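Listing of input_34.txt, compact mmCIF, C-alpha atoms
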# COMPACT_ATOMS: atom_id res chain seq x y z
CA MET A 1437 0.00 0.00 0.00
CA GLN A 1438 2.79 2.32 1.04
CA ARG A 1439 4.62 1.42 -2.18
CA PHE A 1440 1.51 2.35 -4.13
CA ILE A 1441 1.15 5.67 -2.33
CA GLN A 1442 4.76 6.51 -3.06
CA SER A 1443 4.49 5.40 -6.64
CA LYS A 1444 4.57 7.76 -9.57
CA SER A 1445 1.13 6.71 -10.89
CA PHE A 1446 -0.56 7.58 -7.61
CA LYS A 1447 1.07 10.99 -7.59
CA ILE A 1448 -0.12 11.68 -11.16
CA LEU A 1449 -3.62 10.44 -10.29
CA THR A 1450 -3.75 12.63 -7.19
CA GLY A 1451 -2.45 15.61 -9.17
CA LEU A 1452 -5.14 15.13 -11.81
CA PHE A 1453 -7.82 14.73 -9.14
CA ALA A 1454 -6.69 17.96 -7.45
CA VAL A 1455 -6.73 19.87 -10.75
CA LEU A 1456 -10.25 18.58 -11.58
CA LEU A 1457 -11.49 19.38 -8.06
CA ALA A 1458 -10.04 22.90 -8.31
CA GLY A 1459 -11.77 23.33 -11.68
CA ILE A 1460 -15.13 22.25 -10.21
CA ILE A 1461 -14.73 24.61 -7.28
CA PHE A 1462 -13.79 27.45 -9.66
CA ALA A 1463 -16.84 26.77 -11.88
CA ALA A 1464 -19.12 26.77 -8.82
CA VAL A 1465 -17.64 30.03 -7.52
CA SER A 1466 -17.52 31.87 -10.90
CA ASN A 1467 -21.21 31.06 -11.76
CA SER A 1468 -20.20 30.39 -15.37
CA GLY A 1469 -21.18 26.73 -15.02
CA SER A 1470 -18.02 25.52 -16.73
CA SER A 1471 -14.61 24.81 -15.44
CA PRO A 1472 -11.42 26.22 -17.06
CA ILE A 1473 -10.58 22.70 -18.21
CA THR A 1474 -13.88 22.40 -20.01
CA ASN A 1475 -13.21 25.78 -21.55
CA VAL A 1476 -9.77 24.73 -22.66
CA VAL A 1477 -11.11 21.45 -23.99
CA SER A 1478 -14.01 23.17 -25.78
CA VAL A 1479 -11.59 25.69 -27.36
CA VAL A 1480 -9.41 22.83 -28.57
CA PHE A 1481 -12.24 20.56 -29.65
CA GLY A 1482 -14.73 23.25 -30.88
CA PRO A 1483 -13.46 23.31 -34.49
CA LEU A 1484 -13.26 19.57 -34.37
CA HIS A 1485 -16.94 19.40 -33.32
CA ARG A 1486 -17.95 21.78 -36.10
CA ALA A 1487 -16.00 19.74 -38.62
CA SER A 1488 -17.57 16.52 -37.43
CA SER A 1489 -21.11 17.97 -37.49
CA TYR A 1490 -20.50 19.33 -41.01
CA ILE A 1491 -19.32 15.93 -42.16
CA SER A 1492 -22.30 14.32 -40.47
CA SER A 1493 -24.86 16.66 -42.16
CA SER A 1494 -23.13 16.28 -45.52
CA PHE A 1495 -23.34 12.57 -45.11
CA ASP A 1496 -27.07 12.83 -44.33
CA ASP A 1497 -27.62 14.87 -47.50
CA PHE A 1498 -25.56 12.46 -49.46
CA LYS A 1499 -27.59 9.57 -48.03
CA GLY A 1500 -30.84 11.45 -49.04
CA GLY A 1501 -29.83 11.16 -52.69
CA PHE A 1502 -30.09 7.42 -52.39
CA VAL A 1503 -33.79 7.49 -51.27
CA SER A 1504 -35.81 5.76 -53.95
CA SER A 1505 -38.08 7.67 -56.35
CA GLU A 1506 -40.91 5.42 -55.16
CA TRP A 1507 -40.53 6.85 -51.66
CA TYR A 1508 -40.84 10.36 -53.08
CA ARG A 1509 -43.81 9.34 -55.25
CA ASN A 1510 -45.60 7.88 -52.25
CA LYS A 1511 -44.83 10.98 -50.24
CA ILE A 1512 -46.18 13.26 -53.03
CA GLU A 1513 -49.32 11.13 -53.42
CA LYS A 1514 -49.87 11.29 -49.68
CA LEU A 1515 -49.46 15.06 -49.65
CA GLU A 1516 -51.72 15.49 -52.69
CA LEU A 1517 -54.40 13.43 -50.97
CA GLN A 1518 -54.02 15.61 -47.91
CA ILE A 1519 -54.35 18.77 -50.03
CA GLN A 1520 -57.46 17.30 -51.73
CA GLU A 1521 -58.93 16.56 -48.32
CA TYR A 1522 -58.25 20.11 -47.14
CA ARG A 1523 -59.80 21.53 -50.32
CA GLU A 1524 -62.96 19.48 -49.79
CA GLN A 1525 -63.08 20.65 -46.19
CA LEU A 1526 -62.71 24.23 -47.42
CA VAL A 1527 -65.59 23.81 -49.90
CA ASP A 1528 -67.76 22.31 -47.15
CA TYR A 1529 -66.79 25.16 -44.88
CA GLU A 1530 -67.73 27.77 -47.51
CA LYS A 1531 -71.09 26.06 -48.11
CA GLN A 1532 -71.84 25.89 -44.42
CA LYS A 1533 -70.76 29.52 -44.00
CA GLN A 1534 -73.10 30.56 -46.80
CA LYS A 1535 -75.94 28.57 -45.25
CA ILE A 1536 -75.34 30.02 -41.80
CA MET A 1537 -75.25 33.56 -43.23
CA SER A 1538 -78.57 32.91 -44.96
CA TYR A 1539 -80.09 31.53 -41.75
CA GLU A 1540 -78.74 34.48 -39.77
CA ALA A 1541 -80.33 36.92 -42.21
CA PHE A 1542 -83.52 34.91 -42.12
CA LEU A 1543 -83.56 34.96 -38.30
CA GLU A 1544 -83.09 38.70 -38.43
CA VAL A 1545 -86.11 38.96 -40.76
CA ARG A 1546 -88.12 36.75 -38.40
CA ASP A 1547 -87.14 38.77 -35.32
CA GLU A 1548 -88.02 42.04 -37.07
CA ASN A 1549 -91.33 40.65 -38.38
CA PRO A 1550 -92.99 38.40 -35.80
CA ASP A 1551 -96.17 38.35 -37.93
CA PHE A 1552 -94.42 36.42 -40.76
CA GLU A 1553 -95.10 32.69 -41.13
CA PHE A 1554 -92.40 30.74 -42.94
CA VAL A 1555 -92.01 27.39 -44.65
CA PRO A 1556 -88.43 26.29 -45.43
CA ALA A 1557 -88.09 24.77 -48.90
CA ALA A 1558 -85.46 23.31 -51.23
CA ILE A 1559 -85.17 23.77 -54.97
CA ILE A 1560 -85.72 20.41 -56.64
CA SER A 1561 -85.72 21.31 -60.33
CA ARG A 1562 -85.75 24.16 -62.83
CA ASP A 1563 -87.68 24.81 -66.01
CA VAL A 1564 -84.96 24.50 -68.61
CA ALA A 1565 -87.08 26.25 -71.26
CA ASP A 1566 -87.74 29.31 -69.13
CA ALA A 1567 -85.29 32.09 -69.90
CA PHE A 1568 -86.14 33.78 -66.58
CA ASN A 1569 -84.98 30.86 -64.42
CA SER A 1570 -88.23 29.77 -62.75
CA PHE A 1571 -87.81 26.80 -60.41
CA VAL A 1572 -89.72 24.15 -58.47
CA LEU A 1573 -89.74 23.87 -54.65
CA ASN A 1574 -90.38 20.75 -52.61
CA LYS A 1575 -93.31 22.31 -50.69
CA GLY A 1576 -96.89 22.56 -51.87
CA SER A 1577 -100.49 23.06 -50.77
CA LEU A 1578 -100.12 20.31 -48.13
CA ASN A 1579 -97.50 22.52 -46.42
CA GLY A 1580 -99.74 25.57 -46.43
CA VAL A 1581 -98.20 27.21 -49.49
CA ASN A 1582 -100.52 29.29 -51.70
CA ILE A 1583 -100.30 31.00 -55.08
CA GLY A 1584 -98.86 34.48 -54.63
CA ASP A 1585 -96.68 33.64 -51.61
CA SER A 1586 -93.31 35.40 -51.54
CA VAL A 1587 -90.08 33.42 -51.70
CA ILE A 1588 -87.03 34.84 -49.93
CA TYR A 1589 -83.35 34.05 -49.43
CA GLY A 1590 -82.07 35.74 -46.31
CA LYS A 1591 -83.44 39.29 -46.54
CA TYR A 1592 -83.69 39.19 -50.35
CA LEU A 1593 -86.87 38.70 -52.34
CA VAL A 1594 -86.35 35.86 -54.85
CA GLY A 1595 -89.75 35.48 -56.49
CA VAL A 1596 -93.37 34.53 -56.12
CA VAL A 1597 -95.26 31.21 -56.14
CA ARG A 1598 -97.21 31.02 -59.40
CA GLU A 1599 -98.33 27.38 -59.60
CA ILE A 1600 -99.16 24.98 -56.84
CA LYS A 1601 -99.40 21.20 -56.53
CA SER A 1602 -99.94 19.14 -53.40
CA THR A 1603 -96.24 18.59 -52.65
CA THR A 1604 -94.48 21.04 -54.99
CA CYS A 1605 -94.84 24.59 -56.25
CA VAL A 1606 -93.44 26.59 -59.18
CA VAL A 1607 -91.75 29.91 -58.42
CA ARG A 1608 -91.38 32.76 -60.93
CA THR A 1609 -88.32 34.87 -60.12
CA ILE A 1610 -88.20 38.67 -59.92
CA LEU A 1611 -86.24 38.54 -63.22
CA ASP A 1612 -89.51 37.54 -64.93
CA PRO A 1613 -91.28 40.45 -66.70
CA THR A 1614 -94.66 39.04 -65.56
CA VAL A 1615 -93.68 39.59 -61.90
CA ASN A 1616 -94.19 43.20 -60.76
CA VAL A 1617 -93.13 44.32 -57.30
CA SER A 1618 -94.07 47.65 -55.72
CA VAL A 1619 -90.98 49.09 -54.05
CA TYR A 1620 -89.42 52.15 -52.41
CA GLU A 1621 -85.85 53.42 -52.22
CA VAL A 1622 -84.68 53.37 -48.61
CA ARG A 1623 -82.80 56.72 -48.54
CA THR A 1624 -85.12 58.93 -50.61
CA ARG A 1625 -88.39 57.04 -49.79
CA GLU A 1626 -89.39 57.35 -53.47
CA ASP A 1627 -91.88 54.77 -54.76
CA GLY A 1628 -91.79 52.78 -57.96
CA PHE A 1629 -92.22 49.29 -59.27
CA VAL A 1630 -89.71 46.65 -60.27
CA SER A 1631 -89.94 44.09 -63.05
CA GLY A 1632 -87.57 42.06 -65.21
CA THR A 1633 -86.87 42.71 -68.87
CA THR A 1634 -85.63 40.49 -71.67
CA ASP A 1635 -82.43 42.51 -72.15
CA LEU A 1636 -81.52 42.35 -68.43
CA MET A 1637 -82.43 38.70 -67.76
CA THR A 1638 -78.96 37.26 -68.34
CA LYS A 1639 -77.26 39.93 -66.23
CA GLY A 1640 -79.24 39.24 -63.04
CA GLN A 1641 -80.62 42.78 -63.14
CA VAL A 1642 -84.12 44.25 -62.96
CA LYS A 1643 -85.67 47.60 -63.88
CA LEU A 1644 -87.08 50.09 -61.38
CA SER A 1645 -89.71 52.13 -63.24
CA GLY A 1646 -92.15 54.87 -62.36
CA ILE A 1647 -89.72 57.27 -60.69
CA ALA A 1648 -89.79 61.02 -61.38
CA ARG A 1649 -87.24 62.61 -63.72
CA SER A 1650 -86.17 64.86 -60.85
CA THR A 1651 -85.41 61.79 -58.72
CA SER A 1652 -82.78 61.88 -55.97
CA ILE A 1653 -82.15 58.14 -56.28
CA SER A 1654 -78.51 57.48 -57.03
CA SER A 1655 -76.14 54.59 -57.53
CA GLY A 1656 -75.77 52.39 -54.44
CA GLY A 1657 -79.27 53.06 -53.09
CA ILE A 1658 -81.09 50.08 -51.62
CA VAL A 1659 -84.55 49.23 -52.95
CA CYS A 1660 -87.05 47.34 -50.76
CA THR A 1661 -90.60 46.07 -51.15
CA SER A 1662 -93.17 48.68 -50.09
CA GLY A 1663 -95.92 46.24 -49.16
CA VAL A 1664 -98.43 48.16 -51.30
CA GLY A 1665 -101.14 45.87 -52.61
CA GLY A 1666 -100.56 43.24 -49.94
CA VAL A 1667 -98.79 40.84 -52.32
CA PHE A 1668 -95.29 41.15 -50.89
CA PRO A 1669 -94.51 42.00 -47.26
CA ARG A 1670 -92.77 45.33 -46.61
CA ASP A 1671 -88.98 45.77 -46.34
CA LEU A 1672 -87.65 42.77 -48.23
CA ILE A 1673 -84.56 43.78 -50.23
CA VAL A 1674 -85.08 43.69 -54.00
CA GLY A 1675 -81.72 45.07 -55.10
CA THR A 1676 -79.16 47.87 -55.22
CA VAL A 1677 -79.28 50.76 -57.70
CA LEU A 1678 -76.62 50.53 -60.39
CA GLU A 1679 -77.50 53.58 -62.45
CA VAL A 1680 -80.40 55.96 -63.12
CA LYS A 1681 -81.46 56.77 -66.70
CA ASN A 1682 -84.07 58.95 -68.35
CA ASP A 1683 -86.85 57.15 -70.18
CA ASP A 1684 -86.89 57.87 -73.94
CA VAL A 1685 -90.65 57.47 -74.38
CA SER A 1686 -92.02 59.14 -71.22
CA ILE A 1687 -91.22 61.97 -68.82
CA SER A 1688 -90.19 59.58 -66.05
CA SER A 1689 -86.85 57.99 -65.22
CA TYR A 1690 -85.89 54.42 -64.50
CA ALA A 1691 -83.07 52.72 -62.61
CA LEU A 1692 -81.20 49.49 -63.17
CA LEU A 1693 -80.95 47.30 -60.07
CA GLU A 1694 -78.53 44.52 -59.21
CA THR A 1695 -80.61 41.81 -57.51
CA GLY A 1696 -77.92 40.73 -55.02
CA ILE A 1697 -78.68 37.01 -55.37
CA ASP A 1698 -77.79 34.62 -58.14
CA VAL A 1699 -80.97 32.60 -58.71
CA LEU A 1700 -78.99 29.76 -60.28
CA ASP A 1701 -76.86 29.35 -57.14
CA LEU A 1702 -79.79 29.02 -54.74
CA ILE A 1703 -80.43 25.69 -53.02
CA ASP A 1704 -82.58 26.48 -49.97
CA VAL A 1705 -85.13 29.29 -49.64
CA PHE A 1706 -88.03 30.29 -47.38
CA ILE A 1707 -91.64 30.79 -48.42
CA ILE A 1708 -93.61 33.46 -46.52
CA THR A 1709 -97.06 31.91 -46.22
CA ALA A 1710 -98.67 34.66 -44.12
CA PHE A 1711 -97.94 38.21 -42.93
CA GLN A 1712 -99.83 41.13 -41.51
CA GLY A 1713 -101.57 43.09 -44.26
CA GLN A 1714 -101.55 40.24 -46.75
CA GLY A 1715 -104.09 40.78 -49.52
CA GLU A 1716 -105.08 44.26 -48.28
CA MET B 529 -88.97 -17.68 -80.10
CA ARG B 530 -91.92 -15.34 -79.65
CA GLY B 531 -91.44 -15.33 -75.86
CA LYS B 532 -87.77 -14.46 -76.28
CA GLU B 533 -88.70 -11.61 -78.62
CA ASN B 534 -91.21 -10.26 -76.09
CA ARG B 535 -88.64 -10.47 -73.32
CA PHE B 536 -86.11 -8.45 -75.34
CA THR B 537 -88.77 -5.90 -76.31
CA LEU B 538 -89.53 -5.51 -72.61
CA TYR B 539 -85.80 -5.08 -71.82
CA ARG B 540 -85.44 -2.49 -74.60
CA ARG B 541 -88.42 -0.46 -73.42
CA GLY B 542 -87.24 -0.70 -69.82
CA ILE B 543 -83.87 0.74 -70.86
CA ILE B 544 -85.61 3.53 -72.83
CA LEU B 545 -87.71 4.39 -69.78
CA VAL B 546 -84.59 4.66 -67.62
CA LEU B 547 -82.96 6.78 -70.34
CA ILE B 548 -85.94 9.16 -70.30
CA LEU B 549 -85.79 9.53 -66.52
CA VAL B 550 -82.03 10.08 -66.48
CA THR B 551 -82.30 12.62 -69.33
CA ALA B 552 -85.11 14.47 -67.50
CA ILE B 553 -82.95 14.70 -64.38
CA PHE B 554 -79.97 15.96 -66.41
CA GLN B 555 -82.15 18.47 -68.19
CA ASN B 556 -84.04 19.89 -65.21
CA THR B 557 -81.35 19.91 -62.53
CA GLU B 558 -79.03 22.90 -62.45
CA GLY B 559 -75.38 21.97 -62.90
CA PHE B 560 -75.94 18.42 -64.19
CA PHE B 561 -75.58 19.35 -67.85
CA PRO B 562 -73.31 22.23 -68.90
CA SER B 563 -75.07 25.49 -69.79
CA PRO B 564 -72.41 27.65 -71.48
CA PHE B 565 -73.18 31.40 -71.60
CA GLY B 566 -76.53 30.73 -69.94
CA ILE B 567 -77.95 28.70 -72.85
CA ARG B 568 -79.50 25.29 -72.15
CA ALA B 569 -80.14 22.04 -73.97
CA PHE B 570 -83.73 20.73 -74.09
CA LEU B 571 -82.48 17.14 -74.02
CA LEU B 572 -85.87 15.42 -73.99
CA LEU B 573 -86.73 16.75 -77.47
CA PRO B 574 -84.03 14.88 -79.47
CA LEU B 575 -84.49 11.82 -77.27
CA ILE B 576 -88.22 11.57 -78.02
CA VAL B 577 -87.63 12.16 -81.74
CA CYS B 578 -85.13 9.27 -81.76
CA ILE B 579 -87.41 7.00 -79.70
CA GLY B 580 -90.25 7.67 -82.16
CA MET B 581 -87.96 6.89 -85.09
CA PHE B 582 -86.80 3.55 -83.68
CA GLU B 583 -89.88 2.41 -81.77
CA ARG B 584 -92.56 3.61 -84.23
CA GLU B 585 -95.65 5.74 -83.68
CA ILE B 586 -97.62 4.19 -80.79
CA VAL B 587 -94.63 3.45 -78.53
CA GLY B 588 -93.08 6.80 -79.52
CA GLY B 589 -96.29 8.56 -78.51
CA VAL B 590 -96.50 6.75 -75.16
CA PHE B 591 -92.86 7.48 -74.30
CA GLY B 592 -93.40 11.09 -75.42
CA LEU B 593 -96.33 11.36 -73.03
CA ILE B 594 -94.25 9.98 -70.13
CA ALA B 595 -91.29 12.28 -70.87
CA GLY B 596 -93.59 15.29 -71.24
CA ALA B 597 -95.36 14.52 -67.96
CA VAL B 598 -91.99 14.38 -66.17
CA TRP B 599 -90.99 17.69 -67.79
CA ASP B 600 -94.33 19.27 -66.83
CA MET B 601 -93.51 18.65 -63.15
CA SER B 602 -90.85 21.35 -63.35
CA SER B 603 -92.38 23.56 -66.00
CA SER B 604 -93.71 27.04 -65.42
CA VAL B 605 -96.00 27.02 -68.48
CA ASN B 606 -99.51 25.62 -68.52
CA ASP B 607 -99.69 22.09 -67.18
CA GLY B 608 -99.78 19.46 -69.88
CA TYR B 609 -98.06 21.45 -72.64
CA ASN B 610 -94.92 19.31 -72.60
CA ALA B 611 -96.84 16.03 -72.28
CA LEU B 612 -99.08 16.90 -75.21
CA PHE B 613 -96.27 18.24 -77.36
CA LEU B 614 -93.87 15.34 -76.77
CA MET B 615 -96.63 12.76 -77.26
CA LEU B 616 -97.44 14.27 -80.66
CA ALA B 617 -93.74 14.59 -81.53
CA GLY B 618 -93.02 10.93 -80.67
CA PHE B 619 -96.11 9.75 -82.54
CA LEU B 620 -95.54 11.84 -85.69
CA CYS B 621 -91.82 11.06 -85.92
CA GLY B 622 -92.62 7.34 -85.63
CA LEU B 623 -95.36 7.64 -88.25
CA LEU B 624 -93.19 9.59 -90.69
CA VAL B 625 -90.32 7.10 -90.45
CA HIS B 626 -92.78 4.22 -90.82
CA LYS B 627 -94.59 5.61 -93.88
CA LEU B 628 -92.44 8.22 -95.57
CA LEU B 629 -88.84 8.64 -94.47
CA ILE B 630 -85.72 6.51 -94.26
CA ASN B 631 -84.32 6.12 -90.76
CA ASN B 632 -80.89 7.81 -90.90
CA TYR B 633 -78.96 10.76 -89.44
CA ILE B 634 -80.26 13.19 -92.08
CA SER B 635 -83.94 12.43 -91.43
CA ALA B 636 -83.25 12.53 -87.66
CA LEU B 637 -81.66 15.95 -88.04
CA MET B 638 -84.59 17.17 -90.09
CA LEU B 639 -87.26 15.83 -87.72
CA CYS B 640 -85.41 17.12 -84.66
CA SER B 641 -84.98 20.60 -86.18
CA ILE B 642 -88.71 20.81 -86.95
CA THR B 643 -89.61 19.54 -83.44
CA ILE B 644 -87.35 22.10 -81.73
CA PHE B 645 -88.63 24.89 -83.99
CA LEU B 646 -92.26 24.05 -83.18
CA TYR B 647 -91.58 23.61 -79.47
CA ILE B 648 -89.82 26.99 -79.19
CA GLY B 649 -92.40 28.67 -81.42
CA ILE B 650 -95.41 27.53 -79.36
CA TYR B 651 -93.59 28.15 -76.06
CA PHE B 652 -92.67 31.64 -77.22
CA ILE B 653 -96.30 32.41 -78.14
CA LEU B 654 -97.57 31.04 -74.80
CA ILE B 655 -95.10 32.98 -72.66
CA PHE B 656 -94.04 36.08 -74.56
CA VAL B 657 -96.86 36.90 -76.97
CA VAL B 658 -99.75 36.05 -74.62
CA ASN B 659 -98.17 38.05 -71.75
CA ASN B 660 -97.28 40.88 -74.13
CA ILE B 661 -93.65 41.02 -72.96
CA GLU B 662 -91.66 43.93 -74.42
CA ASN B 663 -88.60 43.31 -76.61
CA SER B 664 -89.31 39.58 -76.65
CA TYR B 665 -87.11 39.18 -79.75
CA ILE B 666 -84.10 39.67 -77.44
CA ALA B 667 -85.02 36.48 -75.54
CA LEU B 668 -85.37 34.71 -78.86
CA LEU B 669 -81.97 35.89 -80.07
CA LYS B 670 -80.10 35.56 -76.78
CA PHE B 671 -81.64 32.41 -75.35
CA TYR B 672 -84.00 30.37 -77.53
CA ILE B 673 -82.09 30.26 -80.83
CA PRO B 674 -78.69 29.46 -79.22
CA SER B 675 -80.42 26.87 -76.99
CA SER B 676 -82.03 25.28 -80.07
CA ILE B 677 -78.63 24.91 -81.76
CA TYR B 678 -77.15 23.53 -78.53
CA THR B 679 -80.01 21.01 -78.32
CA LEU B 680 -79.45 19.96 -81.93
CA ILE B 681 -75.79 19.23 -81.17
CA THR B 682 -76.86 16.49 -78.73
CA LEU B 683 -78.90 14.69 -81.42
CA PRO B 684 -76.09 12.44 -82.79
CA LEU B 685 -75.49 11.15 -79.26
CA TYR B 686 -79.13 10.16 -78.75
CA TYR B 687 -79.49 8.80 -82.30
CA SER B 688 -76.39 6.61 -81.91
CA LEU B 689 -77.53 5.43 -78.48
CA MET B 690 -81.04 4.54 -79.67
CA ARG B 691 -79.68 2.80 -82.76
CA TYR B 692 -77.31 0.77 -80.59
CA ILE B 693 -80.05 -0.22 -78.13
CA SER B 694 -82.45 -1.04 -80.94
CA LYS B 695 -79.93 -3.11 -82.96
CA ARG B 696 -78.49 -4.91 -79.96
CA LEU B 697 -81.76 -5.99 -78.43
CA ARG B 698 -83.50 -6.78 -81.71
CA THR B 699 -80.59 -8.87 -83.06
CA LYS B 700 -80.44 -10.82 -79.79
CA ALA B 701 -84.16 -11.54 -80.01
CA GLU B 702 -83.76 -12.84 -83.59
Please re-express this file's structure in structure tokens.
Amino acid sequence: MQRFIQSKSFKILTGLFAVLLAGIIFAAVSNSGSSPITNVVSVVFGPLHRASSYISSSFDDFKGGFVSSEWYRNKIEKLELQIQEYREQLVDYEKQKQKIMSYEAFLEVRDENPDFEFVPAAIISRDVADAFNSFVLNKGSLNGVNIGDSVIYGKYLVGVVREIKSTTCVVRTILDPTVNVSVYEVRTREDGFVSGTTDLMTKGQVKLSGIARSTSISSGGIVCTSGVGGVFPRDLIVGTVLEVKNDDVSISSYALLETGIDVLDLIDVFIITAFQGQGE
Amino acid sequence: MRGKENRFTLYRRGIILVLILVTAIFQNTEGFFPSPFGIRAFLLLPLIVCIGMFEREIVGGVFGLIAGAVWDMSSSVNDGYNALFLMLAGFLCGLLVHKLLINNYISALMLCSITIFLYIGIYFILIFVVNNIENSYIALLKFYIPSSIYTLITLPLYYSLMRYISKRLRTKAE
């Protein structure tokens, strides 16, 4: 034992131990968390580490080149499927959003007009030969629908029920020249009547007639049903004024209105079966 | 032999009935058949002309009546117009091919053109002239004439289909 203690190896071991212990104590006292030895070692081995990590990453890249094209194809197919799935979800989301917006507007109409009675309906077919886009709803006389009932989408007037069967009804849109709606412009309170024309039918526009030449109606004005005649309830939106023109054959003016709804895009609508002042 | 013939006739007419229903759905449902620039194809017209040509007058008339009744369900004109018109179209096309004309593409084109012209003409009178709609010629120029041409384009498809069905199920019966 004594020989071992006096031996050279023991002295070296003790020396090393003392140096390491001093380093630990120094690290603890200096709050740097690293001993001078570690610092020295990291200075010496730092470039070596960087070199080794560079070699390692280069090797990884190099290895990537050997991944089969099939792996990439599978990966692309997987990602494309994922994109497709997201697109479908987005379409569903847009549809649902549109539906919710329509229901929100409808609820607003219902809250503002507690006297209205509604029947929800879906479009089941369209008359292909009708240039004014009339359509058939899945509700009829059995559901309390009558000829002359208004059809709305949100706050917008879509058309009027013109034919009735027990489980279906035919709706003529406001684009149809045979449908006349008495209206007023919200800002100026000027009255007039709206009907479709053959030259406006493809543009989704209608004509507001019967307004004075000195009219204050201007572009952007909102036109609503006036309720006169008791056919349509008051305050359903018919459209927005695009431009006002002077009539060539009379002393009055007329305005072109954008209807605000695309009849061909509609799926679900509401039929107003009763309201205060109906038929008066 | 006779029983086999009857069975194939029944198959053929069953297929034609399905074809009418499918065509009616394609015609009357938005988005099922392309409508470029807002013009539409009145698909049941060429189909009934072709059925009349291959099935002769009585069967052509009956299928015309069925197709017209289906069309009337979604029509905004007076009830029964389509049923009456298509019944007459099917019957007359069958009769003409039976007594006067040769059954080929040219006669099909001629009969279909006349049928479309008459259909549009009567429809136009019922809707535009009776209701005294202003500038109705615009609807004719912008919608009805382009739609007639579009409808006529679908004729070869229906003629080929009817000829195939007719040949296939008649040859098998023989």
Which chain A residues have any atom within 7 Å of an atom of chain B, and for each, what is the nearest pair of atoms with distance in Å to one decimal, counting only C-alpha atoms, rows sorted by chain and number, as JSON lines?
{"residue": "A:Ser1561", "atom": "CA", "partner": "B:Thr557", "partner_atom": "CA", "distance": 5.1}
{"residue": "A:Arg1562", "atom": "CA", "partner": "B:Asn556", "partner_atom": "CA", "distance": 5.2}
{"residue": "A:Asp1563", "atom": "CA", "partner": "B:Ser603", "partner_atom": "CA", "distance": 4.9}
{"residue": "A:Val1564", "atom": "CA", "partner": "B:Asn556", "partner_atom": "CA", "distance": 5.8}
{"residue": "A:Ala1567", "atom": "CA", "partner": "B:Phe671", "partner_atom": "CA", "distance": 6.6}
{"residue": "A:Ser1570", "atom": "CA", "partner": "B:Ser604", "partner_atom": "CA", "distance": 6.7}
{"residue": "A:Phe1571", "atom": "CA", "partner": "B:Ser602", "partner_atom": "CA", "distance": 6.9}
{"residue": "A:Val1572", "atom": "CA", "partner": "B:Ser602", "partner_atom": "CA", "distance": 5.7}
{"residue": "A:Val1606", "atom": "CA", "partner": "B:Ser604", "partner_atom": "CA", "distance": 6.3}
{"residue": "A:Pro1613", "atom": "CA", "partner": "B:Ile661", "partner_atom": "CA", "distance": 6.7}
{"residue": "A:Thr1634", "atom": "CA", "partner": "B:Ala667", "partner_atom": "CA", "distance": 5.6}
{"residue": "A:Asp1635", "atom": "CA", "partner": "B:Ile666", "partner_atom": "CA", "distance": 6.2}
message: Just want the 9 Å neighbourhood of Ile644 (chain B), counted on only C-alpha atoms, with same-chain residues fewer than 2 positions away dropped. Output as an MDAnalysis selection string.
response: chainID B and resid 570 573:574 639:642 646:649 676 679:680
- request: Find the distance between CA of Pro684 (chain B) and CA of Asn1569 (chain A) and write it in Å to one decimal.
  value: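 Atom-to-atom, CA of Pro684 (chain B) and CA of Asn1569 (chain A) are spaced 27.5 Å apart.
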With all atoms listed in the file as the counted atoms, please give the residues lying no more than 10 Å from Asp1683 (chain A), apart from itself and same-chain residues fewer than 3 positions off, as a PDB file with C-alpha atoms, in the coordinates of the input.
ATOM      1  CA  SER A1645     -89.710  52.130 -63.240  1.00  0.00           C
ATOM      2  CA  GLY A1646     -92.150  54.870 -62.360  1.00  0.00           C
ATOM      3  CA  ILE A1647     -89.720  57.270 -60.690  1.00  0.00           C
ATOM      4  CA  ARG A1649     -87.240  62.610 -63.720  1.00  0.00           C
ATOM      5  CA  VAL A1680     -80.400  55.960 -63.120  1.00  0.00           C
ATOM      6  CA  SER A1686     -92.020  59.140 -71.220  1.00  0.00           C
ATOM      7  CA  ILE A1687     -91.220  61.970 -68.820  1.00  0.00           C
ATOM      8  CA  SER A1688     -90.190  59.580 -66.050  1.00  0.00           C
ATOM      9  CA  SER A1689     -86.850  57.990 -65.220  1.00  0.00           C
ATOM     10  CA  TYR A1690     -85.890  54.420 -64.500  1.00  0.00           C
ATOM     11  CA  ALA A1691     -83.070  52.720 -62.610  1.00  0.00           C
TER      12      ALA A1691
END
message: Between CA of Gly1640 (chain A) and CA of Asn1616 (chain A), what distance in Å does the model show, to one decimal?
response: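 These atoms are spaced 15.6 Å apart.
Atom pair CA of Ala1648 (chain A) / CA of Val1622 (chain A) has a distance of 15.7 Å (rounded to one decimal).
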message: If we count only C-alpha atoms and set the cut-off at 8 Å, which residues sit around Ala636 (chain B), ignoring sequence neighbours fewer than 3 positions away in its own chain? Please answer as a PyMOL selection string.
response: chain B and resi 577-578+581+631-633+639-640+683+687
Would you write out those residues with C-alpha atoms, as a tab-separated table (two decimals), in the coordinates of the input?
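Dumped everything to out08.tsv:
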chain	number	residue	atom	x	y	z
B	577	VAL	CA	-87.63	12.16	-81.74
B	578	CYS	CA	-85.13	9.27	-81.76
B	581	MET	CA	-87.96	6.89	-85.09
B	631	ASN	CA	-84.32	6.12	-90.76
B	632	ASN	CA	-80.89	7.81	-90.90
B	633	TYR	CA	-78.96	10.76	-89.44
B	639	LEU	CA	-87.26	15.83	-87.72
B	640	CYS	CA	-85.41	17.12	-84.66
B	683	LEU	CA	-78.90	14.69	-81.42
B	687	TYR	CA	-79.49	8.80	-82.30
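Taking all atoms listed in the file into account, the polymer residues that have an atom no farther than 8 Å from (-85.7, 26.0, -54.4) are Ala1557, Ala1558, Ile1559, Ile1560, Ser1561, Phe1571, Val1572, Leu1573, Asn1574, Leu1702, Ile1703, Asp1704 and Val1705 of chain A.
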